[in-house]
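Down below is the structure, laid out as structure tokens.
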Amino acid sequence: MAYWLVKSEPEVYSWDQLVKDKETFWDGVRNYAARLNLRAMKKGDEVLYYHSMGATEIVGIAKVVKESYQDPTTDDDRWVAVDLRAVRKLKHPVTLAQVKADKRLTKMDLVRLGRLSVQTVKDDEWKVIMELAGE
């Protein structure tokens, strides 16, 4: 199993909306690196859900329930989407400031590639995030 992080502006699609919907497709990605990450996602992979505006923080965990397929928002077959299901809200959100302050996370994509909307999360980074979240 691999770990990932997806970003969403809470005003566009919040964690609470995902919980309400239970499941959604992750579409509209138009960055080549993010597209590669979407294509690499496998069913069962776990995903950190990050609010990228306002209180910039990791707020929940989702799971990939359908691997990459043609993005329904475009006819261009180069772009893909995946389906995500809400798993649980973190006990304590993990802020971007906490991530940046933790020396164990200095190489995390969230720190190095701040604008990338779909990111990899290494096993050791996942463990640190879970620790910071009180999980």
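Just so we're on the same page: first chain in the structure tokens is A, next is B, and so on; residues restart at 1 for each chain, and ligands are numbered from 1 in the order they show up.
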
Find the spatial neighbours of Asp77 of chain A, counting only C-alpha atoms, within a cut-off of 12 Å - ignore same-chain residues fewer than 5 positions away - and output them as a list in words. Arg30, Arg35, Ser68, Tyr69, Gln70, Asp71 and Pro72 of chain A

Tell me, which residues of chain A carry DSSP alpha helix (DSSP H), written as a PyMOL selection string? chain A and resi 10-13+15-21+32-40+96-101+109-112+123-132

Find the residue from A:Ile129, A:Met53, A:Val19, A:Ala34 that sits nearest to Leu105 of chain A; use only C-alpha atoms when measuring.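 Counting only C-alpha atoms, the residue closest to Leu105 of chain A is A:Ile129.
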
Atom CA of Ala97 of chain A to atom CA of Gly54 of chain A: how many Å, to one decimal?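 A separation of 12.8 Å between them.
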
Trp15 of chain A proximity check over A:His51, A:Lys103, A:Lys66, A:Arg112, using only C-alpha atoms: winner is A:His51

For Arg85 of chain A: contacts at 7 Å, only C-alpha atoms, fewer than 4 positions along chain excluded, given as a PyMOL selection string: chain A and resi 22-24+62-65

Can you spit out the residues from that selection as a PDB file, in the first residue's frame, using N, CA and C atoms?
```pdb
ATOM      1  N   LYS A  22     -19.695  10.716   1.293  1.00  0.00           N
ATOM      2  CA  LYS A  22     -19.082   9.397   1.534  1.00  0.00           C
ATOM      3  C   LYS A  22     -18.008   9.046   0.506  1.00  0.00           C
ATOM      4  N   GLU A  23     -18.243   9.389  -0.761  1.00  0.00           N
ATOM      5  CA  GLU A  23     -17.318   9.036  -1.837  1.00  0.00           C
ATOM      6  C   GLU A  23     -17.406  10.109  -2.928  1.00  0.00           C
ATOM      7  N   THR A  24     -16.274  10.342  -3.612  1.00  0.00           N
ATOM      8  CA  THR A  24     -16.265  11.311  -4.705  1.00  0.00           C
ATOM      9  C   THR A  24     -15.209  10.922  -5.717  1.00  0.00           C
ATOM     10  N   ALA A  62      -8.626   9.522   3.614  1.00  0.00           N
ATOM     11  CA  ALA A  62      -9.512   8.914   2.624  1.00  0.00           C
ATOM     12  C   ALA A  62      -8.826   7.669   2.078  1.00  0.00           C
ATOM     13  N   LYS A  63      -9.551   6.922   1.277  1.00  0.00           N
ATOM     14  CA  LYS A  63      -9.009   5.710   0.674  1.00  0.00           C
ATOM     15  C   LYS A  63      -9.350   5.711  -0.813  1.00  0.00           C
ATOM     16  N   VAL A  64      -8.414   5.237  -1.632  1.00  0.00           N
ATOM     17  CA  VAL A  64      -8.671   5.088  -3.061  1.00  0.00           C
ATOM     18  C   VAL A  64      -9.589   3.886  -3.244  1.00  0.00           C
ATOM     19  N   VAL A  65     -10.742   4.106  -3.880  1.00  0.00           N
ATOM     20  CA  VAL A  65     -11.682   3.007  -4.109  1.00  0.00           C
ATOM     21  C   VAL A  65     -11.832   2.668  -5.589  1.00  0.00           C
TER      22      VAL A  65
END
```
